[in-house]
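Have a look at protein_22.txt; it's compact mmCIF, C-alpha atoms:
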```txt
# COMPACT_ATOMS: atom_id res chain seq x y z
CA MET A 1 -93.78 89.19 284.02
CA ILE A 2 -94.49 86.42 281.50
CA GLY A 3 -95.44 89.05 278.88
CA LYS A 4 -92.10 90.83 279.41
CA ILE A 5 -90.19 87.56 278.97
CA ILE A 6 -92.01 86.87 275.67
CA GLN A 7 -91.27 90.42 274.48
CA CYS A 8 -87.58 89.96 275.26
CA VAL A 9 -87.42 86.64 273.41
CA VAL A 10 -89.13 88.06 270.32
CA ALA A 11 -86.95 91.16 270.36
CA GLY A 12 -83.82 89.05 270.65
CA THR A 13 -84.89 86.86 267.76
CA LEU A 14 -85.57 89.82 265.49
CA ALA A 15 -82.30 91.46 266.46
CA ALA A 16 -80.46 88.31 265.48
CA GLY A 17 -82.00 88.46 262.01
CA GLY A 18 -84.55 85.68 262.57
CA LEU A 19 -88.12 85.71 261.30
CA VAL A 20 -91.22 84.60 263.17
CA ALA A 21 -94.31 83.68 261.20
CA ALA A 22 -97.85 84.14 262.44
CA GLY A 23 -98.60 81.74 265.28
CA GLY A 24 -94.96 81.71 266.43
CA ILE A 25 -93.74 79.27 263.71
CA PRO A 26 -90.21 80.09 262.47
CA ALA A 27 -90.08 81.06 258.77
CA SER A 28 -87.07 80.71 256.51
CA ALA A 29 -85.54 83.90 255.16
CA ALA A 30 -84.32 82.11 252.01
CA PRO A 31 -86.46 82.82 248.89
CA VAL A 32 -88.30 79.85 247.48
CA ALA A 33 -87.95 79.33 243.73
CA PRO A 34 -91.25 79.02 241.88
CA PRO A 35 -92.02 75.50 240.73
CA ALA A 36 -91.14 74.65 237.14
CA PRO A 37 -94.19 74.56 234.89
CA ALA A 38 -95.29 71.27 233.43
CA VAL A 39 -93.78 70.42 230.07
CA THR A 40 -96.32 70.72 227.26
CA THR A 41 -96.21 67.96 224.67
CA ILE A 42 -97.15 69.07 221.16
CA ALA A 43 -97.76 66.40 218.53
CA CYS A 44 -96.88 67.01 214.89
CA PRO A 45 -99.04 67.00 212.89
CA SER A 46 -102.02 68.29 214.90
CA THR A 47 -103.99 71.49 215.33
CA ALA A 48 -101.14 72.68 217.56
CA CYS A 49 -98.47 71.88 214.96
CA VAL A 50 -99.46 72.40 211.34
CA ARG A 51 -97.48 71.19 208.34
CA LEU A 52 -97.48 74.11 205.91
CA ALA A 53 -95.54 72.49 203.09
CA SER A 54 -93.78 69.25 202.25
CA GLY A 55 -91.52 67.99 199.48
CA LEU A 56 -89.10 70.87 200.03
CA GLY A 57 -85.98 68.72 199.80
CA GLU A 58 -83.43 69.76 202.41
CA PRO A 59 -84.53 73.16 203.75
CA LEU A 60 -82.21 74.70 206.31
CA ARG A 61 -83.28 78.01 207.92
CA VAL A 62 -86.62 79.78 207.66
CA ALA A 63 -87.87 83.38 207.94
CA PRO A 64 -91.56 84.36 207.69
CA ASP A 65 -92.30 87.75 206.13
CA GLY A 66 -95.50 88.48 208.08
CA GLN A 67 -97.45 88.77 204.81
CA GLY A 68 -98.38 85.16 204.14
CA SER A 69 -95.07 83.78 202.93
CA ALA A 70 -91.91 82.28 204.38
CA TYR A 71 -88.47 81.96 202.85
CA VAL A 72 -86.08 79.05 203.33
CA THR A 73 -82.39 78.63 202.54
CA TYR A 74 -80.49 75.65 201.16
CA GLN A 75 -76.87 74.61 201.31
CA ASN A 76 -76.86 74.36 197.51
CA GLY A 77 -77.37 78.13 197.28
CA ASP A 78 -81.12 78.22 196.60
CA LEU A 79 -83.51 80.67 198.24
CA ARG A 80 -87.10 79.45 198.08
CA LYS A 81 -90.44 81.12 198.80
CA VAL A 82 -93.27 79.14 200.42
CA ASP A 83 -96.90 80.28 200.33
CA LEU A 84 -98.17 79.59 203.84
CA ALA A 85 -101.79 79.16 202.76
CA SER A 86 -101.33 76.74 199.86
CA GLY A 87 -97.90 75.23 200.56
CA ALA A 88 -96.79 76.05 197.02
CA SER A 89 -93.12 76.94 196.69
CA ALA A 90 -90.89 78.55 194.10
CA VAL A 91 -87.19 79.37 193.81
CA VAL A 92 -86.48 83.08 194.20
CA ALA A 93 -82.73 82.96 193.54
CA ARG A 94 -79.99 80.41 192.92
CA GLY A 95 -76.20 80.39 193.27
CA LEU A 96 -76.04 82.27 196.56
CA GLY A 97 -73.36 80.03 198.04
CA ASN A 98 -73.44 77.52 200.90
CA LEU A 99 -76.33 79.26 202.63
CA ARG A 100 -77.12 79.31 206.33
CA GLY A 101 -79.11 82.03 208.11
CA ILE A 102 -81.80 84.34 206.72
CA ASP A 103 -83.83 87.35 207.81
CA VAL A 104 -86.56 89.10 205.80
CA HIS A 105 -87.50 92.79 205.90
CA GLY A 106 -89.16 95.24 203.51
CA GLY A 107 -89.12 93.09 200.38
CA SER A 108 -85.53 91.94 200.87
CA ALA A 109 -83.93 88.81 202.25
CA TYR A 110 -80.63 89.03 204.09
CA VAL A 111 -78.72 85.77 203.79
CA VAL A 112 -75.31 84.57 204.94
CA ASP A 113 -73.21 81.73 203.61
CA PHE A 114 -70.55 79.48 205.07
CA GLY A 115 -67.98 81.18 202.83
CA GLY A 116 -68.27 84.42 204.80
CA SER A 117 -70.49 86.70 202.71
CA LEU A 118 -73.61 88.66 203.55
CA GLN A 119 -76.00 89.22 200.64
CA ARG A 120 -79.23 91.13 200.16
CA VAL A 121 -81.73 89.57 197.74
CA ASP A 122 -84.65 91.43 196.17
CA LEU A 123 -87.55 89.06 196.74
CA ALA A 124 -89.51 90.36 193.75
CA THR A 125 -86.75 89.98 191.16
CA GLY A 126 -84.14 87.68 192.72
CA ALA A 127 -81.42 90.30 192.16
CA ARG A 128 -78.67 90.09 194.76
CA GLN A 129 -76.08 92.43 196.23
CA VAL A 130 -73.04 91.46 198.28
CA LEU A 131 -73.00 93.71 201.34
CA ALA A 132 -69.85 92.25 202.90
CA SER A 133 -67.49 89.33 202.41
CA GLY A 134 -64.54 87.68 204.13
CA LEU A 135 -66.40 87.52 207.46
CA GLY A 136 -65.57 83.90 208.31
CA ALA A 137 -67.86 80.88 208.40
CA LEU A 138 -71.17 82.69 208.93
CA GLN A 139 -74.20 80.98 210.45
CA ALA A 140 -76.75 83.58 211.48
CA VAL A 141 -78.06 86.99 210.46
CA VAL A 142 -80.59 89.53 211.71
CA HIS A 143 -81.52 92.88 210.19
CA ASP A 144 -82.47 95.94 212.25
CA ALA A 145 -84.58 98.07 209.92
CA ALA A 146 -84.85 100.85 212.51
CA VAL A 147 -81.14 101.70 212.25
CA GLY A 148 -80.35 100.15 208.87
CA SER A 149 -77.81 97.69 210.25
CA THR A 150 -77.42 93.97 209.70
CA TYR A 151 -75.72 91.78 212.30
CA VAL A 152 -74.02 88.49 211.54
CA THR A 153 -72.26 85.82 213.55
CA GLY A 154 -70.85 82.36 213.04
CA GLY A 155 -68.06 80.00 213.96
CA ASP A 156 -65.27 82.44 214.73
CA GLY A 157 -66.93 83.91 217.81
CA ARG A 158 -67.43 87.40 216.41
CA LEU A 159 -70.58 89.52 216.24
CA VAL A 160 -70.25 91.90 213.29
CA GLU A 161 -72.35 94.90 212.26
CA VAL A 162 -72.71 95.67 208.55
CA ARG A 163 -74.21 98.98 207.48
CA ASP A 164 -74.50 100.25 203.89
CA GLY A 165 -71.60 102.47 202.93
CA ARG A 166 -69.46 101.55 205.92
CA ASP A 167 -66.83 98.95 206.66
CA PRO A 168 -67.98 96.02 208.82
CA ARG A 169 -67.61 96.70 212.55
CA VAL A 170 -66.74 93.97 215.05
CA VAL A 171 -69.17 94.53 217.92
CA ALA A 172 -67.90 91.72 220.16
CA ASP A 173 -65.56 88.73 220.09
CA GLY A 174 -65.28 85.49 222.04
CA LEU A 175 -68.93 84.48 221.61
CA GLY A 176 -68.18 80.91 220.54
CA LEU A 177 -69.95 78.99 217.78
CA SER A 178 -73.26 80.83 217.32
CA GLN A 179 -75.83 79.42 214.92
CA GLY A 180 -78.53 81.92 215.90
CA ILE A 181 -78.92 85.59 216.70
CA ALA A 182 -81.89 87.72 217.81
CA LEU A 183 -82.52 91.34 218.78
CA ASP A 184 -84.80 92.58 221.55
CA GLY A 185 -85.42 96.11 220.20
CA LYS A 186 -83.69 97.56 223.26
CA GLY A 187 -80.14 97.62 221.93
CA ASN A 188 -79.27 94.03 222.83
CA ALA A 189 -78.37 91.00 220.74
CA TYR A 190 -78.81 87.43 221.98
CA THR A 191 -76.63 84.60 220.71
CA ALA A 192 -76.36 80.93 221.57
CA ASP A 193 -72.92 79.33 221.85
CA MET A 194 -73.55 75.80 220.61
CA MET A 195 -70.31 74.19 221.78
CA ALA A 196 -70.15 75.72 225.27
CA GLY A 197 -73.91 75.68 225.88
CA ARG A 198 -74.10 79.37 226.73
CA VAL A 199 -76.81 81.92 225.99
CA LEU A 200 -75.26 85.40 225.76
CA ARG A 201 -76.50 88.98 225.72
CA THR A 202 -74.41 91.66 224.01
CA LYS A 203 -74.97 95.42 224.13
CA LEU A 204 -74.71 96.53 220.51
CA ALA A 205 -73.43 100.01 221.41
CA THR A 206 -70.51 98.88 223.55
CA GLY A 207 -69.95 95.17 222.85
CA ALA A 208 -70.25 94.34 226.55
CA THR A 209 -71.33 90.70 226.81
CA GLU A 210 -72.74 88.67 229.67
CA THR A 211 -73.69 85.02 230.03
CA LEU A 212 -77.38 84.67 230.85
CA ALA A 213 -77.46 80.89 231.01
CA SER A 214 -74.97 78.03 230.84
CA GLU A 215 -75.02 74.25 230.83
CA THR A 216 -77.52 74.29 228.00
CA TYR A 217 -77.13 71.39 225.61
CA GLU A 218 -76.10 72.59 222.13
CA PRO A 219 -78.51 75.51 221.57
CA THR A 220 -78.74 75.96 217.80
CA SER A 221 -81.38 78.68 217.40
CA ILE A 222 -82.56 81.68 219.34
CA SER A 223 -85.53 84.06 219.18
CA VAL A 224 -87.02 86.84 221.28
CA GLY A 225 -90.77 86.40 221.65
CA PRO A 226 -93.42 89.13 221.92
CA ASP A 227 -93.38 88.56 225.69
CA GLY A 228 -89.71 89.60 225.85
CA GLN A 229 -88.60 86.08 226.74
CA VAL A 230 -85.78 84.31 224.89
CA TYR A 231 -86.60 81.02 223.17
CA PHE A 232 -84.30 78.38 221.75
CA ALA A 233 -84.80 74.86 220.46
CA VAL A 234 -82.64 71.76 220.37
CA ALA A 235 -84.10 68.90 218.33
CA ASP A 236 -87.66 68.56 219.71
CA GLN A 237 -87.17 70.47 222.98
CA VAL A 238 -88.00 74.17 223.39
CA THR A 239 -86.61 76.21 226.29
CA ARG A 240 -87.73 79.64 227.51
CA LEU A 241 -85.25 81.96 229.23
CA ASP A 242 -86.15 85.02 231.29
CA PRO A 243 -83.44 87.59 230.40
CA ALA A 244 -84.13 89.55 233.60
CA THR A 245 -83.41 86.65 235.97
CA GLY A 246 -81.52 84.10 233.85
CA ARG A 247 -84.04 81.42 234.81
CA LYS A 248 -84.56 78.93 232.00
CA VAL A 249 -87.41 76.45 231.71
CA HIS A 250 -87.79 73.49 229.37
CA PHE A 251 -91.48 74.04 228.68
CA ALA A 252 -92.38 72.22 225.44
CA ASP A 253 -91.62 68.96 223.64
CA ILE A 254 -92.56 68.95 219.97
CA ARG A 255 -93.02 65.29 219.11
CA GLY A 256 -92.68 64.08 215.54
CA LEU A 257 -90.50 67.04 214.59
CA ASN A 258 -86.70 67.11 214.54
CA SER A 259 -86.19 70.74 213.64
CA VAL A 260 -83.25 71.96 211.61
CA GLY A 261 -84.24 75.62 211.60
CA PHE A 262 -86.43 77.18 214.30
CA THR A 263 -87.62 80.77 214.61
CA MET A 264 -90.41 82.75 216.24
CA ASP A 265 -92.22 85.69 214.68
CA GLU A 266 -93.43 88.88 216.35
CA ARG A 267 -96.81 87.29 217.13
CA GLY A 268 -95.27 84.35 218.99
CA ASP A 269 -95.89 81.77 216.25
CA ALA A 270 -92.96 79.39 215.76
CA TYR A 271 -91.78 78.09 212.39
CA ALA A 272 -89.51 75.11 211.87
CA THR A 273 -87.94 73.21 209.01
CA ASP A 274 -87.66 69.44 209.16
CA LEU A 275 -85.82 66.93 206.99
CA GLY A 276 -88.04 64.03 208.08
CA GLY A 277 -91.33 62.76 206.70
CA GLY A 278 -92.67 64.51 203.61
CA GLY A 279 -89.27 64.92 201.98
CA GLY A 280 -88.47 68.16 203.77
CA SER A 281 -91.26 70.07 205.51
CA LEU A 282 -92.13 73.47 206.90
CA TRP A 283 -94.20 73.63 210.10
CA ARG A 284 -95.97 76.26 212.20
CA ILE A 285 -96.61 75.96 215.95
CA PRO A 286 -99.11 78.77 216.61
CA GLY A 287 -98.93 80.72 219.85
CA LEU A 288 -95.86 78.97 221.24
CA GLY A 289 -94.43 82.24 222.50
CA ARG A 290 -97.63 83.74 223.87
```
What does the file become when written as C-alpha cells?
Amino acid sequence: MIGKIIQCVVAGTLAAGGLVAAGGIPASAAPVAPPAPAVTTIACPSTACVRLASGLGEPLRVAPDGQGSAYVTYQNGDLRKVDLASGASAVVARGLGNLRGIDVHGGSAYVVDFGGSLQRVDLATGARQVLASGLGALQAVVHDAAVGSTYVTGGDGRLVEVRDGRDPRVVADGLGLSQGIALDGKGNAYTADMMAGRVLRTKLATGATETLASETYEPTSISVGPDGQVYFAVADQVTRLDPATGRKVHFADIRGLNSVGFTMDERGDAYATDLGGGGGSLWRIPGLGR
C-alpha cells in the first residue's frame, strides 16, 4: 500500500512537469549559466605583451601580413611598414588622405579614409589605385580574397561591398557608427556599433542583420579568432563573444596599454597600436585568441 502511494505521488509530480533528483531531492528545470571565467591581467611590457616597435608617432590602425611585417595607418595619410623582428619602420606611401582602417592581402594594402575613398596600395612600390569614392566617412575595411570583394563601413551605418569592375553595392544599412569589421569565412560580417554598444552579424548575401550583443560600452574594434569567437577591445579591456549563443565575457585586462587600433590574426595573436610611452608603439599579445 505504501509503495502504491509513493508511485502515485511520483507519477503526479512528473505529470505536472516537475523533476525529482536522485534521493528524492527536487531539482530545478531552469538551466544554470556557466560561471564567468576569471579575468586575466596581462602586463605590458612582459613576455605576454611584447613591444615590437616604438617611436612610431601617432599610429592608428594595424594589419599584420603574416610574413613578418605589419602595416599601420596615420591620419596624415602615411602608410608605414614595421618589421616585427627588428622594429624598424619605413613609409610605404604618403598622401593617402585622412586614413582609418587597413587590411593586407597578397602584397596589397586596402585602406579607407575619412573622406570616403577606398584605395589599394601596392606594398612593394607604393603605387595606389582608388577603387571607390564618395562612400561617406569610412572607418573600417576588410578584404575577402576568396571572392575578390572588399567590404567597408563607417559613420553612416552602411556596409558596402566593392568589387573590381562593378559599382559599389550597399549590403546593409542602419548599422550605426562602426569602427571595425571582420569576416568569419562563412558568409557573415561582424560590425561593432560604437554609439549604441551593439555587436551585429550581417549575412553578406542578403543583408539580413541581427544583434548578437548589446549594452557593450563603445566597442571600437572587432576580430574573429581562429576559435570562431568574436573579440573586441575597448581601451585596456578585451571581450570575447560566442556568436552561437550571444554570451559575452570580459576575459582580459591589458594593463599599461591604451590601444587605439586592435586586431587579431589567424593564429590568435593580437596586435595593438598605442599612443602612450615610447612615442607611439606597436604591441603583440601572443595567443590571446587561442
Show which residues sit within 8 Å of Thr273 (chain A), as a PyMOL selection string. Count all atoms listed in the file, and ignore same-chain residues fewer than 4 positions away.
chain A and resi 59-62+259-262+280-283
Using all atoms listed in the file: which of A:Leu288, A:Met195, A:Ala124, A:Ile181 has the shortest distance to Arg240 (chain A)
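For Arg240 (chain A), the nearest of the given residues is A:Leu288.
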Quick one: everything within 8 Å of Gly287 (chain A), counting all atoms listed in the file, minus sequence neighbours fewer than 4 positions away in the same chain. Send it as a count of residues only.
4
12 Å contact set for Val39 (chain A), only C-alpha atoms, chain neighbours under 2 positions out, as a ChimeraX atom specification
/A:35-37,41-42,237-240,249-254
Export, as a PDB file, in the frame of the given file, the selected residues with C-alpha atoms.
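Dumped everything to out-v7.pdb:
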```pdb
ATOM      1  CA  PRO A  35     -92.020  75.500 240.730  1.00  0.00           C
ATOM      2  CA  ALA A  36     -91.140  74.650 237.140  1.00  0.00           C
ATOM      3  CA  PRO A  37     -94.190  74.560 234.890  1.00  0.00           C
ATOM      4  CA  THR A  41     -96.210  67.960 224.670  1.00  0.00           C
ATOM      5  CA  ILE A  42     -97.150  69.070 221.160  1.00  0.00           C
ATOM      6  CA  GLN A 237     -87.170  70.470 222.980  1.00  0.00           C
ATOM      7  CA  VAL A 238     -88.000  74.170 223.390  1.00  0.00           C
ATOM      8  CA  THR A 239     -86.610  76.210 226.290  1.00  0.00           C
ATOM      9  CA  ARG A 240     -87.730  79.640 227.510  1.00  0.00           C
ATOM     10  CA  VAL A 249     -87.410  76.450 231.710  1.00  0.00           C
ATOM     11  CA  HIS A 250     -87.790  73.490 229.370  1.00  0.00           C
ATOM     12  CA  PHE A 251     -91.480  74.040 228.680  1.00  0.00           C
ATOM     13  CA  ALA A 252     -92.380  72.220 225.440  1.00  0.00           C
ATOM     14  CA  ASP A 253     -91.620  68.960 223.640  1.00  0.00           C
ATOM     15  CA  ILE A 254     -92.560  68.950 219.970  1.00  0.00           C
TER      16      ILE A 254
END
```
If we count all atoms listed in the file, what is near Gln67 (chain A) at a cut-off of 10 Å, once residues fewer than 3 positions away on the same chain are taken out, given as a list of chain:residue names?
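Contacts, in chain order: A:Pro64, A:Ala70, A:Asp83, A:Leu84.
With distances restricted to all atoms listed in the file, A:Ala272 is the closest residue to Val234 (chain A) from A:Ala272, A:Leu177, A:Leu200, A:Ala132.
Remark: residues at most 10 Å from position (-68.7, 94.7, 212.2) in file coordinates are Ala132, Leu135, Ser149, Thr150, Tyr151, Val152, Thr153, Arg158, Leu159, Val160, Glu161, Val162, Arg163, Arg166, Asp167, Pro168, Arg169, Val170, Val171 and Ala172 of chain A, using all atoms listed in the file.
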Tell me, in Å to one decimal, how far CA of Ala137 (chain A) is from CA of Ala213 (chain A).
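Between CA of Ala137 (chain A) and CA of Ala213 (chain A) the gap is 24.6 Å.
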Selection: 9 Å around Ala90 (chain A), only C-alpha atoms, excl. self and same-chain fewer than 4 positions, as a VMD selection string
chain A and resid 79 to 83
Could you save the residues just selected, with C-alpha atoms, as a PDB file, in the coordinates of the input?
```pdb
ATOM      1  CA  LEU A  79     -83.510  80.670 198.240  1.00  0.00           C
ATOM      2  CA  ARG A  80     -87.100  79.450 198.080  1.00  0.00           C
ATOM      3  CA  LYS A  81     -90.440  81.120 198.800  1.00  0.00           C
ATOM      4  CA  VAL A  82     -93.270  79.140 200.420  1.00  0.00           C
ATOM      5  CA  ASP A  83     -96.900  80.280 200.330  1.00  0.00           C
TER       6      ASP A  83
END
```
Please identify all polymer residues lying at most 10 Å from the point (-86.3, 81.5, 197.2) (file coordinates), using only C-alpha atoms, and present the result as a ChimeraX atom specification.
/A:70-74,77-82,89-94,109,121,123,126
Filtering to C-alpha atoms, could region 171-198 of chain A of the supplied structure be written out as a compact mmCIF listing (two decimals), in the first residue's frame?
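Result file follows (out.txt):
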```txt
# COMPACT_ATOMS: atom_id res chain seq x y z
CA VAL A 171 24.83 45.22 -48.40
CA ALA A 172 23.04 46.59 -45.32
CA ASP A 173 22.05 49.88 -43.71
CA GLY A 174 21.25 51.01 -40.18
CA LEU A 175 24.38 49.51 -38.60
CA GLY A 176 25.32 52.63 -36.64
CA LEU A 177 28.83 54.01 -36.21
CA SER A 178 31.12 51.06 -36.95
CA GLN A 179 34.86 51.45 -36.48
CA GLY A 180 35.61 47.77 -37.09
CA ILE A 181 34.57 44.95 -39.38
CA ALA A 182 35.51 41.25 -39.56
CA LEU A 183 34.54 38.22 -41.64
CA ASP A 184 34.08 34.67 -40.39
CA GLY A 185 34.66 32.85 -43.71
CA LYS A 186 31.08 31.57 -43.60
CA GLY A 187 29.40 34.44 -45.42
CA ASN A 188 28.95 36.68 -42.37
CA ALA A 189 30.34 40.08 -41.45
CA TYR A 190 30.61 41.31 -37.86
CA THR A 191 30.49 45.00 -37.01
CA ALA A 192 30.52 46.92 -33.75
CA ASP A 193 28.20 49.91 -33.33
CA MET A 194 30.23 52.22 -31.11
CA MET A 195 27.48 54.65 -30.13
CA ALA A 196 24.73 52.12 -29.39
CA GLY A 197 27.04 49.46 -27.95
CA ARG A 198 25.82 46.72 -30.28
```
